[in-house]
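target-v2.pdb (PDB, C-alpha atoms and all ligand atoms)
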```pdb
ATOM      1  CA  MET A 215     126.170  91.362  82.901
ATOM      2  CA  ALA A 216     125.705  87.749  84.027
ATOM      3  CA  ARG A 217     123.538  85.722  81.700
ATOM      4  CA  GLN A 218     120.079  84.963  83.099
ATOM      5  CA  LYS A 219     119.507  81.363  84.047
ATOM      6  CA  THR A 220     117.174  79.238  81.932
ATOM      7  CA  ILE A 221     113.857  78.144  83.397
ATOM      8  CA  ILE A 222     112.668  74.710  82.266
ATOM      9  CA  THR A 223     108.902  74.202  82.378
ATOM     10  CA  CYS A 224     107.603  70.667  81.988
ATOM     11  CA  ALA A 225     103.999  70.190  80.773
ATOM     12  CA  ILE A 226     103.198  66.741  82.089
ATOM     13  CA  THR A 227     100.094  65.467  80.294
ATOM     14  CA  GLY A 228      97.851  68.133  78.688
ATOM     15  CA  ALA A 229      94.513  67.338  77.103
ATOM     16  CA  ILE A 230      95.302  66.706  73.462
ATOM     17  CA  HIS A 231      97.315  63.517  73.328
ATOM     18  CA  THR A 232      95.477  60.303  74.170
ATOM     19  CA  PRO A 233      96.876  57.362  76.119
ATOM     20  CA  THR A 234      96.582  55.268  72.941
ATOM     21  CA  MET A 235      99.312  57.390  71.345
ATOM     22  CA  SER A 236     102.048  56.521  73.846
ATOM     23  CA  ASP A 237     102.297  54.282  76.906
ATOM     24  CA  ALA A 238     104.457  56.975  78.479
ATOM     25  CA  LEU A 239     101.661  59.564  78.661
ATOM     26  CA  PRO A 240     100.655  59.789  82.326
ATOM     27  CA  TYR A 241      96.949  59.935  83.128
ATOM     28  CA  THR A 242      96.330  58.183  86.445
ATOM     29  CA  TYR A 243      96.762  60.255  89.607
ATOM     30  CA  ASP A 244      99.788  58.157  90.561
ATOM     31  CA  ASP A 245     101.463  58.478  87.185
ATOM     32  CA  ILE A 246     100.896  62.235  86.995
ATOM     33  CA  ALA A 247     102.343  62.673  90.513
ATOM     34  CA  ASN A 248     105.314  60.377  89.900
ATOM     35  CA  GLN A 249     106.197  61.824  86.520
ATOM     36  CA  ALA A 250     105.860  65.390  87.785
ATOM     37  CA  VAL A 251     108.174  64.688  90.724
ATOM     38  CA  ALA A 252     110.706  62.979  88.442
ATOM     39  CA  ALA A 253     110.557  65.900  85.981
ATOM     40  CA  ALA A 254     111.300  68.317  88.828
ATOM     41  CA  GLU A 255     114.194  66.145  89.974
ATOM     42  CA  ALA A 256     115.541  66.156  86.411
ATOM     43  CA  GLY A 257     115.593  69.971  86.356
ATOM     44  CA  ALA A 258     112.134  71.369  85.672
ATOM     45  CA  SER A 259     111.447  74.303  87.972
ATOM     46  CA  ILE A 260     107.867  74.812  86.741
ATOM     47  CA  LEU A 261     105.304  72.020  86.322
ATOM     48  CA  HIS A 262     102.396  72.851  83.998
ATOM     49  CA  LEU A 263      99.553  70.578  85.057
ATOM     50  CA  HIS A 264      96.292  69.305  83.614
ATOM     51  CA  ALA A 265      94.215  66.528  85.183
ATOM     52  CA  ARG A 266      92.615  63.492  83.639
ATOM     53  CA  ASP A 267      90.043  60.951  84.675
ATOM     54  CA  ASN A 268      91.942  58.317  86.648
ATOM     55  CA  ASP A 269      90.289  55.418  84.816
ATOM     56  CA  THR A 270      89.788  56.570  81.243
ATOM     57  CA  GLY A 271      92.466  59.221  80.784
ATOM     58  CA  ALA A 272      89.870  61.701  79.469
ATOM     59  CA  PRO A 273      90.822  65.348  80.172
ATOM     60  CA  SER A 274      89.211  66.696  83.336
ATOM     61  CA  VAL A 275      88.839  70.101  84.966
ATOM     62  CA  ASP A 276      87.106  68.666  88.030
ATOM     63  CA  PRO A 277      89.083  69.681  91.152
ATOM     64  CA  LYS A 278      88.554  66.162  92.487
ATOM     65  CA  ASP A 279      90.876  64.938  89.726
ATOM     66  CA  PHE A 280      93.636  67.392  90.766
ATOM     67  CA  GLN A 281      93.305  66.783  94.506
ATOM     68  CA  PRO A 282      94.975  63.341  94.550
ATOM     69  CA  PHE A 283      98.212  64.514  92.915
ATOM     70  CA  LEU A 284      98.714  68.213  93.753
ATOM     71  CA  PRO A 285      99.626  67.771  97.453
ATOM     72  CA  ARG A 286     101.949  64.889  96.579
ATOM     73  CA  ILE A 287     103.838  67.063  94.095
ATOM     74  CA  LYS A 288     104.039  69.969  96.534
ATOM     75  CA  GLN A 289     105.241  67.738  99.311
ATOM     76  CA  ALA A 290     107.931  65.988  97.237
ATOM     77  CA  THR A 291     109.294  68.983  95.264
ATOM     78  CA  ASP A 292     109.851  72.705  95.521
ATOM     79  CA  ALA A 293     108.773  73.184  91.895
ATOM     80  CA  VAL A 294     106.397  75.968  90.928
ATOM     81  CA  VAL A 295     102.912  74.612  90.254
ATOM     82  CA  ASN A 296     101.264  76.003  87.128
ATOM     83  CA  ILE A 297      97.679  74.875  86.534
ATOM     84  CA  SER A 298      96.153  74.974  83.058
ATOM     85  CA  THR A 299      93.153  77.170  82.314
ATOM     86  CA  GLY A 300      93.138  75.810  78.754
ATOM     87  CA  GLY A 301      91.333  72.697  79.938
ATOM     88  CA  SER A 302      90.190  71.111  76.729
ATOM     89  CA  LEU A 303      88.697  72.568  73.572
ATOM     90  CA  SER A 304      85.026  71.859  74.262
ATOM     91  CA  LEU A 305      84.809  73.490  77.710
ATOM     92  CA  SER A 306      83.545  76.915  78.769
ATOM     93  CA  ILE A 307      85.936  79.410  80.296
ATOM     94  CA  GLN A 308      84.098  79.107  83.642
ATOM     95  CA  ASP A 309      84.831  75.393  83.757
ATOM     96  CA  ARG A 310      88.402  75.880  82.557
ATOM     97  CA  ILE A 311      89.301  78.321  85.340
ATOM     98  CA  THR A 312      87.730  76.258  88.127
ATOM     99  CA  PRO A 313      90.950  74.359  89.046
ATOM    100  CA  ALA A 314      93.036  77.564  89.249
ATOM    101  CA  LYS A 315      90.286  79.248  91.303
ATOM    102  CA  THR A 316      90.097  76.249  93.607
ATOM    103  CA  PHE A 317      93.811  75.675  94.220
ATOM    104  CA  SER A 318      95.221  79.203  93.791
ATOM    105  CA  PRO A 319      98.610  78.065  92.426
ATOM    106  CA  GLU A 320     101.645  80.294  91.900
ATOM    107  CA  MET A 321     101.029  80.190  88.132
ATOM    108  CA  CYS A 322      98.334  79.291  85.626
ATOM    109  CA  SER A 323      98.001  79.510  81.859
ATOM    110  CA  MET A 324      96.096  82.293  80.096
ATOM    111  CA  ASN A 325      95.331  81.733  76.414
ATOM    112  CA  MET A 326      95.445  84.957  74.419
ATOM    113  CA  GLY A 327      93.193  84.385  71.414
ATOM    114  CA  SER A 328      90.629  82.239  69.616
ATOM    115  CA  MET A 329      91.843  79.954  66.869
ATOM    116  CA  ASN A 330      91.476  76.705  64.977
ATOM    117  CA  PHE A 331      93.460  74.207  67.029
ATOM    118  CA  SER A 332      94.698  70.942  65.497
ATOM    119  CA  PHE A 333      97.807  68.914  65.414
ATOM    120  CA  HIS A 334      99.836  69.655  62.371
ATOM    121  CA  PRO A 335     100.135  66.522  60.209
ATOM    122  CA  LEU A 336     103.898  67.020  60.178
ATOM    123  CA  ALA A 337     104.033  67.002  63.972
ATOM    124  CA  LYS A 338     102.362  63.583  63.988
ATOM    125  CA  ARG A 339     104.604  62.334  61.220
ATOM    126  CA  TYR A 340     107.625  63.065  63.398
ATOM    127  CA  GLY A 341     107.237  59.627  64.871
ATOM    128  CA  ASP A 342     105.684  57.744  62.015
ATOM    129  CA  ASP A 343     106.519  58.421  58.419
ATOM    130  CA  ASP A 344     103.698  56.111  57.280
ATOM    131  CA  TRP A 345     101.093  58.029  59.245
ATOM    132  CA  LYS A 346      98.177  59.133  57.080
ATOM    133  CA  PHE A 347      95.718  61.831  58.009
ATOM    134  CA  ASP A 348      92.125  62.045  56.916
ATOM    135  CA  TRP A 349      91.476  65.659  55.945
ATOM    136  CA  GLU A 350      87.715  65.142  55.668
ATOM    137  CA  LYS A 351      87.303  63.268  58.973
ATOM    138  CA  ASP A 352      90.090  64.650  61.166
ATOM    139  CA  TYR A 353      90.030  68.266  60.076
ATOM    140  CA  VAL A 354      86.839  69.221  58.214
ATOM    141  CA  ALA A 355      84.107  67.103  59.858
ATOM    142  CA  ASN A 356      85.512  67.880  63.301
ATOM    143  CA  SER A 357      85.913  71.605  62.631
ATOM    144  CA  ASP A 358      83.554  72.788  65.381
ATOM    145  CA  GLY A 359      85.378  70.627  67.911
ATOM    146  CA  ASN A 360      88.663  72.184  66.880
ATOM    147  CA  ILE A 361      87.818  75.775  67.755
ATOM    148  CA  PHE A 362      89.805  76.959  70.777
ATOM    149  CA  ARG A 363      87.676  79.793  72.066
ATOM    150  CA  ASN A 364      89.404  82.623  73.920
ATOM    151  CA  THR A 365      87.384  85.750  73.182
ATOM    152  CA  PHE A 366      88.029  89.047  74.946
ATOM    153  CA  ARG A 367      85.040  88.248  77.154
ATOM    154  CA  ASP A 368      86.604  84.894  78.084
ATOM    155  CA  ILE A 369      89.988  86.500  78.755
ATOM    156  CA  ARG A 370      88.391  89.186  80.926
ATOM    157  CA  GLU A 371      86.355  86.614  82.824
ATOM    158  CA  ALA A 372      89.482  84.564  83.558
ATOM    159  CA  ALA A 373      91.623  87.591  84.441
ATOM    160  CA  GLU A 374      89.034  89.195  86.725
ATOM    161  CA  THR A 375      88.022  85.981  88.480
ATOM    162  CA  LEU A 376      91.625  85.027  89.163
ATOM    163  CA  ALA A 377      92.910  88.537  90.022
ATOM    164  CA  PRO A 378      92.362  88.176  93.814
ATOM    165  CA  HIS A 379      94.577  85.063  93.773
ATOM    166  CA  ASP A 380      97.677  86.962  92.603
ATOM    167  CA  ILE A 381      98.561  84.158  90.183
ATOM    168  CA  LYS A 382     101.289  84.786  87.577
ATOM    169  CA  PHE A 383      99.938  83.998  84.140
ATOM    170  CA  GLU A 384     101.737  81.975  81.505
ATOM    171  CA  HIS A 385     100.348  83.940  78.554
ATOM    172  CA  GLU A 386      99.968  81.382  75.768
ATOM    173  CA  CYS A 387     100.546  83.147  72.432
ATOM    174  CA  TYR A 388     100.107  80.905  69.382
ATOM    175  CA  ASP A 389     100.533  83.598  66.782
ATOM    176  CA  VAL A 390     101.658  87.173  66.441
ATOM    177  CA  GLY A 391      98.112  88.564  66.762
ATOM    178  CA  HIS A 392      97.939  87.137  70.259
ATOM    179  CA  LEU A 393     100.820  89.420  71.268
ATOM    180  CA  TYR A 394      98.727  92.395  70.166
ATOM    181  CA  ASN A 395      95.718  91.047  72.107
ATOM    182  CA  LEU A 396      97.962  90.818  75.164
ATOM    183  CA  LYS A 397      99.296  94.338  74.698
ATOM    184  CA  PHE A 398      95.731  95.645  74.372
ATOM    185  CA  CYS A 399      94.710  93.828  77.558
ATOM    186  CA  MET A 400      97.678  95.359  79.382
ATOM    187  CA  ASP A 401      96.827  98.821  78.121
ATOM    188  CA  ILE A 402      93.302  98.548  79.523
ATOM    189  CA  GLY A 403      94.693  97.309  82.844
ATOM    190  CA  LEU A 404      93.717  93.630  82.718
ATOM    191  CA  PHE A 405      97.293  92.387  83.183
ATOM    192  CA  LYS A 406     100.208  93.996  84.970
ATOM    193  CA  ALA A 407     103.937  93.900  84.197
ATOM    194  CA  PRO A 408     106.152  91.969  84.385
ATOM    195  CA  ILE A 409     104.324  89.421  82.248
ATOM    196  CA  PHE A 410     105.464  85.940  81.221
ATOM    197  CA  ILE A 411     104.802  84.932  77.598
ATOM    198  CA  GLN A 412     104.900  81.393  76.248
ATOM    199  CA  PHE A 413     105.548  81.651  72.495
ATOM    200  CA  ILE A 414     103.892  78.582  70.947
ATOM    201  CA  PHE A 415     104.883  77.222  67.540
ATOM    202  CA  GLY A 416     103.625  74.357  65.422
ATOM    203  CA  ILE A 417      99.950  74.045  66.346
ATOM    204  CA  LEU A 418      97.933  73.953  63.109
ATOM    205  CA  GLY A 419      95.928  77.171  63.396
ATOM    206  CA  GLY A 420      98.852  79.067  64.909
ATOM    207  CA  ILE A 421     102.245  80.209  63.686
ATOM    208  CA  GLY A 422     104.558  77.558  62.202
ATOM    209  CA  PRO A 423     107.673  76.165  63.886
ATOM    210  CA  GLU A 424     110.359  78.014  61.915
ATOM    211  CA  VAL A 425     113.211  79.907  63.561
ATOM    212  CA  ASP A 426     112.318  82.979  61.474
ATOM    213  CA  ASN A 427     108.963  83.002  63.259
ATOM    214  CA  LEU A 428     110.613  82.791  66.669
ATOM    215  CA  VAL A 429     112.782  85.793  65.810
ATOM    216  CA  PHE A 430     109.693  87.633  64.545
ATOM    217  CA  MET A 431     107.633  86.869  67.670
ATOM    218  CA  LYS A 432     110.515  87.943  69.916
ATOM    219  CA  ARG A 433     111.131  91.149  67.950
ATOM    220  CA  THR A 434     107.421  91.991  68.059
ATOM    221  CA  ALA A 435     107.256  91.326  71.803
ATOM    222  CA  ASP A 436     110.353  93.487  72.353
ATOM    223  CA  ARG A 437     108.605  96.320  70.531
ATOM    224  CA  LEU A 438     105.298  95.892  72.382
ATOM    225  CA  PHE A 439     106.497  95.094  75.901
ATOM    226  CA  GLY A 440     110.103  96.373  76.181
ATOM    227  CA  ASP A 441     111.553  95.265  79.524
ATOM    228  CA  ASP A 442     108.135  94.349  80.903
ATOM    229  CA  TYR A 443     108.158  90.719  79.812
ATOM    230  CA  ARG A 444     109.951  87.391  80.257
ATOM    231  CA  TRP A 445     109.524  84.712  77.612
ATOM    232  CA  SER A 446     109.694  81.016  76.963
ATOM    233  CA  VAL A 447     109.229  78.785  73.926
ATOM    234  CA  LEU A 448     107.110  75.732  73.320
ATOM    235  CA  GLY A 449     107.446  73.879  70.013
ATOM    236  CA  ALA A 450     104.761  71.276  69.331
ATOM    237  CA  GLY A 451     105.719  67.826  68.102
ATOM    238  CA  GLY A 452     109.011  67.551  66.240
ATOM    239  CA  ALA A 453     109.820  71.213  66.783
ATOM    240  CA  GLN A 454     110.066  70.828  70.558
ATOM    241  CA  MET A 455     113.776  70.327  71.152
ATOM    242  CA  THR A 456     115.129  72.379  68.266
ATOM    243  CA  LEU A 457     113.071  75.461  69.128
ATOM    244  CA  ALA A 458     113.777  75.096  72.855
ATOM    245  CA  THR A 459     117.496  74.939  72.083
ATOM    246  CA  THR A 460     117.318  78.037  69.891
ATOM    247  CA  ALA A 461     115.259  79.899  72.488
ATOM    248  CA  SER A 462     117.757  79.150  75.230
ATOM    249  CA  GLN A 463     120.540  80.560  73.056
ATOM    250  CA  MET A 464     118.477  83.706  72.431
ATOM    251  CA  GLY A 465     118.122  84.276  76.190
ATOM    252  CA  GLY A 466     114.667  82.758  76.574
ATOM    253  CA  HIS A 467     113.230  80.058  78.789
ATOM    254  CA  VAL A 468     112.016  76.682  77.556
ATOM    255  CA  ARG A 469     109.055  74.338  77.871
ATOM    256  CA  VAL A 470     109.102  70.605  77.185
ATOM    257  CA  GLY A 471     106.863  67.736  78.295
ATOM    258  CA  LEU A 472     104.562  65.078  76.889
ATOM    259  CA  GLU A 473     101.684  67.575  76.638
ATOM    260  CA  ASP A 474     103.516  69.200  73.739
ATOM    261  CA  SER A 475     105.411  66.296  72.143
ATOM    262  CA  LEU A 476     105.472  62.558  72.731
ATOM    263  CA  PHE A 477     108.931  62.198  71.202
ATOM    264  CA  ILE A 478     112.514  62.323  72.382
ATOM    265  CA  SER A 479     113.960  62.363  68.852
ATOM    266  CA  ARG A 480     112.794  61.630  65.321
ATOM    267  CA  GLY A 481     110.851  58.371  65.302
ATOM    268  CA  LYS A 482     111.483  57.645  68.979
ATOM    269  CA  LEU A 483     108.880  58.107  71.723
ATOM    270  CA  ALA A 484     110.092  59.602  75.014
ATOM    271  CA  ASP A 485     110.191  57.197  77.989
ATOM    272  CA  ASN A 486     108.525  59.792  80.224
ATOM    273  CA  ASN A 487     108.558  63.539  80.973
ATOM    274  CA  ALA A 488     111.877  63.442  82.845
ATOM    275  CA  HIS A 489     113.498  61.997  79.711
ATOM    276  CA  GLN A 490     112.698  65.213  77.816
ATOM    277  CA  VAL A 491     113.669  67.448  80.754
ATOM    278  CA  ALA A 492     117.026  65.690  81.113
ATOM    279  CA  LYS A 493     117.684  66.101  77.388
ATOM    280  CA  ILE A 494     116.956  69.827  77.233
ATOM    281  CA  ARG A 495     118.866  70.365  80.465
ATOM    282  CA  ARG A 496     121.910  68.624  78.993
ATOM    283  CA  ILE A 497     121.689  70.726  75.820
ATOM    284  CA  VAL A 498     121.208  74.003  77.697
ATOM    285  CA  GLU A 499     124.138  73.281  80.010
ATOM    286  CA  ASP A 500     126.391  72.007  77.199
ATOM    287  CA  LEU A 501     125.773  75.280  75.391
ATOM    288  CA  GLY A 502     126.907  77.287  78.397
ATOM    289  CA  CYS A 503     123.693  78.274  80.195
ATOM    290  CA  GLU A 504     122.710  77.435  83.739
ATOM    291  CA  VAL A 505     119.332  75.987  84.623
ATOM    292  CA  ALA A 506     117.248  77.938  87.179
ATOM    293  CA  THR A 507     116.159  76.355  90.445
ATOM    294  CA  PRO A 508     112.511  76.795  91.476
ATOM    295  CA  ASP A 509     113.433  79.712  93.755
ATOM    296  CA  GLU A 510     115.425  81.339  90.983
ATOM    297  CA  ALA A 511     112.420  80.897  88.686
ATOM    298  CA  ARG A 512     110.239  82.570  91.346
ATOM    299  CA  ASP A 513     112.650  85.462  91.418
ATOM    300  CA  ILE A 514     112.988  85.801  87.613
ATOM    301  CA  LEU A 515     109.209  85.733  87.105
ATOM    302  CA  ALA A 516     108.327  87.742  90.242
ATOM    303  CA  LEU A 517     105.953  85.092  91.583
ATOM    304  CA  LYS A 518     103.936  85.485  94.754
ATOM    305  CA  GLY A 519     106.164  82.758  96.340
TER     306      GLY A 519
HETATM  307  N1  LIG B   1      98.976  72.474  74.907
HETATM  308  C1  LIG B   1      99.682  73.700  74.617
HETATM  309  C2  LIG B   1      99.973  73.836  73.146
HETATM  310  C3  LIG B   1      96.826  75.506  78.338
HETATM  311  O1  LIG B   1      96.997  74.528  79.032
HETATM  312  O2  LIG B   1      96.256  76.523  78.735
HETATM  313  C4  LIG B   1      99.007  74.890  75.153
HETATM  314  C5  LIG B   1      98.559  74.855  76.598
HETATM  315  C6  LIG B   1      97.297  75.539  76.893
HETATM  316  O3  LIG B   1      99.258  74.363  77.459
HETATM  317 ZN    ZN B   2      98.407  72.943  78.920
END
```

Let me see whether you can do it: turn the structure in this file into structure tokens.
Ligand code: KMH
Ligand code: ZN
Amino acid sequence: MARQKTIITCAITGAIHTPTMSDALPYTYDDIANQAVAAAEAGASILHLHARDNDTGAPSVDPKDFQPFLPRIKQATDAVVNISTGGSLSLSIQDRITPAKTFSPEMCSMNMGSMNFSFHPLAKRYGDDDWKFDWEKDYVANSDGNIFRNTFRDIREAAETLAPHDIKFEHECYDVGHLYNLKFCMDIGLFKAPIFIQFIFGILGGIGPEVDNLVFMKRTADRLFGDDYRWSVLGAGGAQMTLATTASQMGGHVRVGLEDSLFISRGKLADNNAHQVAKIRRIVEDLGCEVATPDEARDILALKG
């Protein structure tokens, strides 16, 4: 049987990194549009998109901050548009799903459980071995701000509100319990097969970025979902490229982008999103896999098209 092609998703800006961390992080409408188009040209067939305030770079879920770049991306590329419903940690689920409800994209994210959500100190240290973290200030004092809330009520609200739009969900699973939440939601009819799971490793609060854990997540998903799922891997920070490489060799799809890691290699910031896409594309192709075009991604994931 021919080997399935590898889908590269690029997550362009996210809501966690700040522009002070890297000059490459796009936050103006122009930069988000230009970097998204360049990432698609470099080989990304899915673009996972958040918006930011054009002046300050603060995360935004206001449709007026998506409007200036979405049509430009659609006009310049054939890439699948995937809009975040993660928004940022402090927002309600109603606010977080507003962009997907407004623009009805082919895909959007769907986060599968509540958790503490912080950068792992080791992920930050990937670029700066002198970096010091302040446990009291960064992790303890800010604990309430670090809760990523995705209760069953939130998940149902998002699923039911978005159901009429026929959007394919990127089910974000940060730990093995989230796979069981997803299975439960499928059993009660909230989500229909085939589903697309993003296994996420290396967020502090979720499962760690070890290959053993990837094998464990995949084996658990095989048991729970059988042939009813497609999967991709996102490693945060320094785990990004190594886990994406391993995933591609295990038959999975991959996600890169400055939302998940600002680096191109140890100690070296990426120039832009396309830099990371070009690197993973080169690795995937060198190792004998082919990269999926946007239409092939639509086919593999059974998108509305
Ligand atoms: N930033 C990623 C670790 C979302 O947008 O819904 C997870 C994410 C969530 O992309
Ligand atoms: Zn995101």

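Neighbours of A:Asp441 closer than or equal to 12 Å, with all atoms listed in the file counted and sequence neighbours fewer than 2 positions away skipped, come out as A:Ala407, A:Pro408, A:Ile409, A:Phe410, A:Ala435, A:Asp436, A:Arg437, A:Leu438, A:Phe439, A:Tyr443, A:Arg444, A:Trp445.
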
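Across the model, the gap from atom CA of A:Thr375 to atom CA of A:Pro285 is 23.4 Å.
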
Hey, could you pull the box centre and edge lengths for ligand LIG 1 (chain B), axis-aligned, 5 Å padding per side, all listed atoms, to one decimal in Å, as lines of an AutoDock Vina configuration file?
```
center_x = 98.1
center_y = 74.5
center_z = 76.1
size_x = 13.7
size_y = 14.0
size_z = 15.9
```

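Atom CA of A:Gly228 sits 5.3 Å away from atom CA of A:His264.
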
For this session: Might you pull out every residue within 8 Å of A:Ala254, with only C-alpha atoms counted and same-chain residues fewer than 4 positions away left off, and present them as a PyMOL selection string?
Result: chain A and resi 250+258-261+291+293+488

Could you write out that same residue set with C-alpha atoms as a PDB file, in the frame of the given file?
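Written output follows (selection.pdb):
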```
ATOM      1  CA  ALA A 250     105.860  65.390  87.785  1.00  0.00           C
ATOM      2  CA  ALA A 258     112.134  71.369  85.672  1.00  0.00           C
ATOM      3  CA  SER A 259     111.447  74.303  87.972  1.00  0.00           C
ATOM      4  CA  ILE A 260     107.867  74.812  86.741  1.00  0.00           C
ATOM      5  CA  LEU A 261     105.304  72.020  86.322  1.00  0.00           C
ATOM      6  CA  THR A 291     109.294  68.983  95.264  1.00  0.00           C
ATOM      7  CA  ALA A 293     108.773  73.184  91.895  1.00  0.00           C
ATOM      8  CA  ALA A 488     111.877  63.442  82.845  1.00  0.00           C
TER       9      ALA A 488
END
```

For ligand LIG 1 (chain B), return the neighbouring residues as a PDB file with C-alpha atoms, in the frame of the given file (distance at most 9 Å; all atoms listed in the file).
```
ATOM      1  CA  ALA A 225     103.999  70.190  80.773  1.00  0.00           C
ATOM      2  CA  THR A 227     100.094  65.467  80.294  1.00  0.00           C
ATOM      3  CA  GLY A 228      97.851  68.133  78.688  1.00  0.00           C
ATOM      4  CA  ALA A 229      94.513  67.338  77.103  1.00  0.00           C
ATOM      5  CA  ILE A 230      95.302  66.706  73.462  1.00  0.00           C
ATOM      6  CA  HIS A 262     102.396  72.851  83.998  1.00  0.00           C
ATOM      7  CA  LEU A 263      99.553  70.578  85.057  1.00  0.00           C
ATOM      8  CA  HIS A 264      96.292  69.305  83.614  1.00  0.00           C
ATOM      9  CA  ILE A 297      97.679  74.875  86.534  1.00  0.00           C
ATOM     10  CA  SER A 298      96.153  74.974  83.058  1.00  0.00           C
ATOM     11  CA  THR A 299      93.153  77.170  82.314  1.00  0.00           C
ATOM     12  CA  GLY A 300      93.138  75.810  78.754  1.00  0.00           C
ATOM     13  CA  GLY A 301      91.333  72.697  79.938  1.00  0.00           C
ATOM     14  CA  SER A 302      90.190  71.111  76.729  1.00  0.00           C
ATOM     15  CA  ARG A 310      88.402  75.880  82.557  1.00  0.00           C
ATOM     16  CA  CYS A 322      98.334  79.291  85.626  1.00  0.00           C
ATOM     17  CA  SER A 323      98.001  79.510  81.859  1.00  0.00           C
ATOM     18  CA  MET A 324      96.096  82.293  80.096  1.00  0.00           C
ATOM     19  CA  ASN A 325      95.331  81.733  76.414  1.00  0.00           C
ATOM     20  CA  PHE A 331      93.460  74.207  67.029  1.00  0.00           C
ATOM     21  CA  GLU A 384     101.737  81.975  81.505  1.00  0.00           C
ATOM     22  CA  HIS A 385     100.348  83.940  78.554  1.00  0.00           C
ATOM     23  CA  GLU A 386      99.968  81.382  75.768  1.00  0.00           C
ATOM     24  CA  CYS A 387     100.546  83.147  72.432  1.00  0.00           C
ATOM     25  CA  TYR A 388     100.107  80.905  69.382  1.00  0.00           C
ATOM     26  CA  GLN A 412     104.900  81.393  76.248  1.00  0.00           C
ATOM     27  CA  ILE A 414     103.892  78.582  70.947  1.00  0.00           C
ATOM     28  CA  PHE A 415     104.883  77.222  67.540  1.00  0.00           C
ATOM     29  CA  GLY A 416     103.625  74.357  65.422  1.00  0.00           C
ATOM     30  CA  ILE A 417      99.950  74.045  66.346  1.00  0.00           C
ATOM     31  CA  LEU A 448     107.110  75.732  73.320  1.00  0.00           C
ATOM     32  CA  GLY A 449     107.446  73.879  70.013  1.00  0.00           C
ATOM     33  CA  ALA A 450     104.761  71.276  69.331  1.00  0.00           C
ATOM     34  CA  GLU A 473     101.684  67.575  76.638  1.00  0.00           C
ATOM     35  CA  ASP A 474     103.516  69.200  73.739  1.00  0.00           C
TER      36      ASP A 474
END
```

Answer key for the PyMOL selection byres (((chain A and resi 367) around 12) and not hetatm), residues as a short mmCIF file (atom, residue, chain, number, x, y, z; two decimals) with C-alpha atoms, keeping the file's coordinate frame:
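Written file, selection_1.cif:
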```
data_model
loop_
_atom_site.label_atom_id
_atom_site.label_comp_id
_atom_site.auth_asym_id
_atom_site.auth_seq_id
_atom_site.Cartn_x
_atom_site.Cartn_y
_atom_site.Cartn_z
CA SER A 306 83.54 76.92 78.77
CA ILE A 307 85.94 79.41 80.30
CA GLN A 308 84.10 79.11 83.64
CA MET A 326 95.44 84.96 74.42
CA GLY A 327 93.19 84.38 71.41
CA SER A 328 90.63 82.24 69.62
CA ARG A 363 87.68 79.79 72.07
CA ASN A 364 89.40 82.62 73.92
CA THR A 365 87.38 85.75 73.18
CA PHE A 366 88.03 89.05 74.95
CA ASP A 368 86.60 84.89 78.08
CA ILE A 369 89.99 86.50 78.76
CA ARG A 370 88.39 89.19 80.93
CA GLU A 371 86.36 86.61 82.82
CA ALA A 372 89.48 84.56 83.56
CA ALA A 373 91.62 87.59 84.44
CA GLU A 374 89.03 89.20 86.72
CA THR A 375 88.02 85.98 88.48
CA CYS A 399 94.71 93.83 77.56
CA LEU A 404 93.72 93.63 82.72
#
```

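Atom CA of A:Gly481 is positioned 15.1 Å from atom CA of A:Lys346.
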
With N, CA and C atoms as the target, complete stretch 351-360 of chain A and hand it back as a compact mmCIF listing (two decimals), in the coordinates of the input.
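part_38.txt written:
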```
# COMPACT_ATOMS: atom_id res chain seq x y z
N LYS A 351 87.77 63.73 57.65
CA LYS A 351 87.30 63.27 58.97
C LYS A 351 88.01 64.02 60.12
N ASP A 352 89.33 64.11 60.04
CA ASP A 352 90.09 64.65 61.17
C ASP A 352 90.03 66.17 61.24
N TYR A 353 89.91 66.81 60.07
CA TYR A 353 90.03 68.27 60.08
C TYR A 353 88.73 68.98 59.69
N VAL A 354 88.03 68.49 58.67
CA VAL A 354 86.84 69.22 58.21
C VAL A 354 85.61 68.84 59.05
N ALA A 355 85.31 67.53 59.15
CA ALA A 355 84.11 67.10 59.86
C ALA A 355 84.17 67.54 61.32
N ASN A 356 85.36 67.55 61.88
CA ASN A 356 85.51 67.88 63.30
C ASN A 356 85.82 69.36 63.53
N SER A 357 85.50 70.19 62.53
CA SER A 357 85.91 71.60 62.63
C SER A 357 85.39 72.31 63.88
N ASP A 358 84.10 72.08 64.22
CA ASP A 358 83.55 72.79 65.38
C ASP A 358 84.28 72.39 66.66
N GLY A 359 84.65 71.11 66.73
CA GLY A 359 85.38 70.63 67.91
C GLY A 359 86.81 71.12 67.97
N ASN A 360 87.28 71.72 66.90
CA ASN A 360 88.66 72.18 66.88
C ASN A 360 88.80 73.69 67.09
```
